[in-house]
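**Student:** This structure is in structure tokens; I'll ask about it shortly.
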Amino acid sequence: MEPETLPDGTRISFQAKFFLNNTDYTQILKSAEKIATHYKEKIDVMYLFCNRELDLHCQGYKKCLEVLGEIQMKPVTHQELLAPKLSNAIDPSDSDRRVQIALDNFGLFLLHFSSVLSKTTNIQI
């Protein structure tokens, strides 16, 4: 998957992880290793979409950051996608903004992922 370049010059890419039970940081690490090996000079930011919350302080996550080096990893987890809707009763204006940001981010991911799927039927991530 080739990175996309934003208007400000930032080169971004995406990863998506789905876990049925516990978060498997070894799977995230495998992807981080592949990105560091093949795209080290080609990506500035990697967005990680995940259906589970990530513990940003655990050793598994820290190891992923270490492997990526200067490539930033920005998680977009189920909290960013779902929590704004749940907190709507507390502060509707903030919630609407957070939902829009999450949907925009997820929309970027879906657009990119669908373009990749249209180019290949065998994706190795």
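Within each chain, counting starts at residue 1; across the structure tokens, chains are named A, B, ... in the order shown, with ligands numbered 1 upward in that order.
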For A:Phe49, work out the shell of residues within 7 Å, counting only C-alpha atoms and skipping chain neighbours fewer than 2 positions away, then give it as a list in words.

**Tutor:**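 My reading of the contact set: Gln15, Ala16, Lys17, Tyr47, Asn51, Pro75, Val76 and Thr77 of chain A.
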
**Student:** Show me, as a list in words, the residues that have an atom within 10 Å of A:Thr5 when counting only C-alpha atoms, minus same-chain residues fewer than 5 positions from it.

**Tutor:**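 So, after excluding close chain neighbours, the residues are Thr10, Arg11, Ile12, Ser13, Lys42, Ile43 and Asp44 of chain A.
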
**Student:** For stretch 18-28 of chain A, find every residue with an atom within 6 Å (counting only C-alpha atoms), except residues of its own chain fewer than 3 positions away, and show them as a list in words.

**Tutor:**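 Listed by chain and then number, they are Ser31, Cys50, Asn51 and Gly60 of chain A.
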
**Student:** Looking at A:Pro3, A:His57, A:Met46, A:Arg52, which one is nearest to A:Lys74, with distances taken over only C-alpha atoms?

**Tutor:** A:Met46
